[in-house]
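I have placed the structure first, in the form of structure tokens, so that the comments after it can refer back to it.
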Amino acid sequence: MTEQGQQHVDDVDAVTRAVLTASRLLVAVSARSLAAVEDRVTLPQFRLLVVLSMHGPAKLVVLAERLGVNPSTAMRMIDRLIAAGLADRQTNPENRRETVLRLTPEGSALVEDVTDRRRREIATIVERMACGQRAALVGALNAFNEAGGEPNAPAADSAMYPLGWADR
């Protein structure tokens, strides 16, 4: 293998290890942000709430597709969320034979609360970095997200800043 080829392999391995380490940190931050609501929702149920918050009301089949689960699985999750007062069903105003699923105000508040906790903890970590490191991290993460097909998260001052689970 050429020196350039070896350097490429080393770089890929080093980046992969760094991303794996960062993913552990982000999973820990996510877990801590959900800890306050873990008695109310599971992680998959929270993900469903986030998808509804990002996309608005949806039919069950569309919601299941966005989550990458079977409609029966999505139905069980939504039934539990409805029982908890975090989501509800409404008649589709465009087709009265269909129902759409949506967040309740309480469900929206839960998503906003967890998102705010996560954003604050990440900001605390980022504040510990030098300014130049922050700029490099933004560039590197934007490139990583683009390579993975992940859209950028909205700015903190937007009306809603969901947690960044893709809907694929």
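We name chains A, B, ... following the order of the structure tokens; residues begin at 1 in each chain, and ligands are numbered from 1 as shown.
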* Using DSSP on the backbone coordinates, identify all residues within range 11-159 of chain A classified as alpha helix (DSSP H); present the result as JSON, numbers by chain. => {"A": [11, 12, 13, 14, 15, 16, 17, 18, 19, 20, 21, 22, 23, 24, 25, 26, 27, 28, 29, 30, 31, 32, 33, 34, 35, 43, 44, 45, 46, 47, 48, 49, 50, 51, 52, 53, 54, 55, 60, 61, 62, 63, 64, 65, 66, 67, 71, 72, 73, 74, 75, 76, 77, 78, 79, 80, 81, 82, 83, 105, 106, 107, 108, 109, 110, 111, 112, 113, 114, 115, 116, 117, 118, 119, 120, 121, 122, 123, 124, 125, 126, 127, 131, 132, 133, 134, 135, 136, 137, 138, 139, 140, 141, 142, 143, 144, 145, 146, 147, 148]}
* To do: Using DSSP on the backbone, list every residue of range 6-140 of chain A that comes out as strand (DSSP E), and give them as a count of residues only.
  => 15
* CA of Lys59 in chain A to CA of Leu101 in chain A, distance in Å rounded to a single decimal -> 6.1 Å
* Tell me which protein, DNA and RNA residues are within 9 Å of Ala74 in chain A, counting only C-alpha atoms, leaving out same-chain ones fewer than 3 positions away, and put them as a list of chain:residue names. => A:Gln45, A:Leu48, A:Leu60, A:Val61, A:Leu63, A:Ala64, A:Leu67, A:Val69, A:Asn70, A:Pro71, A:Met77, A:Ile78, A:Asp79
Please produce a file of the residues just selected, as a compact mmCIF listing (two decimals), in the first residue's frame, where the atoms kept are all heavy atoms.
```txt
# COMPACT_ATOMS: atom_id res chain seq x y z
N GLN A 45 -41.10 6.20 21.80
CA GLN A 45 -42.28 7.07 21.86
C GLN A 45 -41.87 8.54 21.75
O GLN A 45 -42.53 9.33 21.09
CB GLN A 45 -43.04 6.85 23.17
CG GLN A 45 -43.75 5.51 23.25
CD GLN A 45 -44.24 5.20 24.65
OE1 GLN A 45 -43.86 5.84 25.63
NE2 GLN A 45 -45.09 4.19 24.75
N LEU A 48 -41.26 9.40 18.22
CA LEU A 48 -42.52 9.63 17.53
C LEU A 48 -43.01 11.05 17.79
O LEU A 48 -43.45 11.75 16.87
CB LEU A 48 -43.55 8.60 17.97
CG LEU A 48 -44.89 8.61 17.24
CD1 LEU A 48 -45.49 7.21 17.20
CD2 LEU A 48 -45.87 9.57 17.86
N LEU A 60 -51.43 7.68 10.05
CA LEU A 60 -50.65 6.61 10.68
C LEU A 60 -49.62 6.01 9.73
O LEU A 60 -48.47 5.81 10.11
CB LEU A 60 -51.58 5.51 11.20
CG LEU A 60 -50.88 4.34 11.87
CD1 LEU A 60 -50.19 4.77 13.16
CD2 LEU A 60 -51.85 3.22 12.13
N VAL A 61 -50.01 5.74 8.49
CA VAL A 61 -49.10 5.11 7.54
C VAL A 61 -47.89 6.01 7.26
O VAL A 61 -46.75 5.54 7.20
CB VAL A 61 -49.84 4.76 6.22
CG1 VAL A 61 -48.89 4.26 5.17
CG2 VAL A 61 -50.93 3.74 6.49
N LEU A 63 -46.72 8.36 9.28
CA LEU A 63 -45.93 8.41 10.50
C LEU A 63 -45.07 7.16 10.65
O LEU A 63 -43.88 7.25 10.97
CB LEU A 63 -46.87 8.56 11.71
CG LEU A 63 -46.23 8.77 13.07
CD1 LEU A 63 -45.35 10.00 13.09
CD2 LEU A 63 -47.31 8.87 14.13
N ALA A 64 -45.65 6.00 10.40
CA ALA A 64 -44.90 4.74 10.48
C ALA A 64 -43.73 4.75 9.50
O ALA A 64 -42.62 4.33 9.84
CB ALA A 64 -45.82 3.55 10.22
N LEU A 67 -40.92 6.89 10.74
CA LEU A 67 -40.22 6.25 11.86
C LEU A 67 -39.47 4.99 11.45
O LEU A 67 -38.65 4.48 12.21
CB LEU A 67 -41.23 5.90 12.96
CG LEU A 67 -41.86 7.08 13.69
CD1 LEU A 67 -43.04 6.60 14.53
CD2 LEU A 67 -40.84 7.80 14.54
N VAL A 69 -41.00 2.04 10.97
CA VAL A 69 -41.60 0.92 11.70
C VAL A 69 -42.88 0.49 10.98
O VAL A 69 -43.39 1.19 10.11
CB VAL A 69 -41.94 1.31 13.17
CG1 VAL A 69 -40.69 1.69 13.93
CG2 VAL A 69 -42.99 2.40 13.24
N ASN A 70 -43.40 -0.65 11.37
CA ASN A 70 -44.68 -1.12 10.83
C ASN A 70 -45.81 -0.26 11.38
O ASN A 70 -45.73 0.22 12.52
CB ASN A 70 -44.94 -2.58 11.25
CG ASN A 70 -43.97 -3.53 10.62
OD1 ASN A 70 -43.58 -3.35 9.47
ND2 ASN A 70 -43.59 -4.55 11.36
N PRO A 71 -46.89 -0.08 10.59
CA PRO A 71 -48.02 0.70 11.10
C PRO A 71 -48.58 0.17 12.42
O PRO A 71 -48.98 0.96 13.27
CB PRO A 71 -49.05 0.60 9.97
CG PRO A 71 -48.22 0.44 8.73
CD PRO A 71 -47.05 -0.42 9.17
N MET A 77 -47.65 2.58 19.74
CA MET A 77 -46.98 3.73 20.37
C MET A 77 -47.94 4.91 20.49
O MET A 77 -48.00 5.56 21.54
CB MET A 77 -45.74 4.14 19.57
CG MET A 77 -44.56 3.21 19.75
SD MET A 77 -43.00 3.89 19.13
CE MET A 77 -43.30 4.00 17.38
N ILE A 78 -48.67 5.20 19.42
CA ILE A 78 -49.57 6.35 19.45
C ILE A 78 -50.69 6.14 20.45
O ILE A 78 -51.09 7.08 21.15
CB ILE A 78 -50.08 6.71 18.04
CG1 ILE A 78 -50.53 8.19 17.99
CG2 ILE A 78 -51.22 5.85 17.59
CD1 ILE A 78 -49.44 9.18 17.96
N ASP A 79 -51.19 4.91 20.57
CA ASP A 79 -52.24 4.63 21.56
C ASP A 79 -51.75 4.95 22.97
O ASP A 79 -52.48 5.53 23.78
CB ASP A 79 -52.69 3.17 21.49
CG ASP A 79 -53.57 2.87 20.28
OD1 ASP A 79 -54.07 3.82 19.65
OD2 ASP A 79 -53.73 1.67 19.97
```
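For range 34-37 of chain A, the non-local neighbours within 10 Å, defined as residues at least 3 positions apart in the same chain or in other chains and counting only C-alpha atoms, are Ala28, Val29, Ser30, Ala31, Arg40, Val41, Thr42, Leu43, Phe46, Leu110, Val111, Asp113, Val114, Thr115, Arg117 and Arg118 of chain A.
Remark: for Thr91 in chain A, the closest of the candidate residues A:Pro57, A:Glu121, A:Val62, A:Glu127 is A:Pro57 (distances computed over only C-alpha atoms).
Reported to one decimal place, the separation of CA of Arg89 in chain A from CA of Ala109 in chain A is 17.8 Å.
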* Asked: Which is closest to Gln90 in chain A among A:Val126, A:Ala58, A:Arg66, A:Asp39, if we use only C-alpha atoms?
  ->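 Using only C-alpha atoms, the shortest distance to Gln90 in chain A belongs to A:Ala58.
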* Asked: Quick one, how far is CA of Ser53 in chain A from CA of Gly107 in chain A?
  ->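 So the two atoms, CA of Ser53 in chain A and CA of Gly107 in chain A, lie 8.7 Å apart.
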* Counting only C-alpha atoms, which of A:Ala22, A:Leu103, A:Val12, A:Ala87 gets nearest to His55 in chain A? ->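 The closest residue to His55 in chain A is A:Leu103.
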* Asked: In terms of the shortest atom-to-atom distance over only C-alpha atoms, which of A:Met54, A:Pro44, A:Ala123, A:Glu98 is closest to Arg76 in chain A?
  ->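 Nearest to Arg76 in chain A: A:Pro44.
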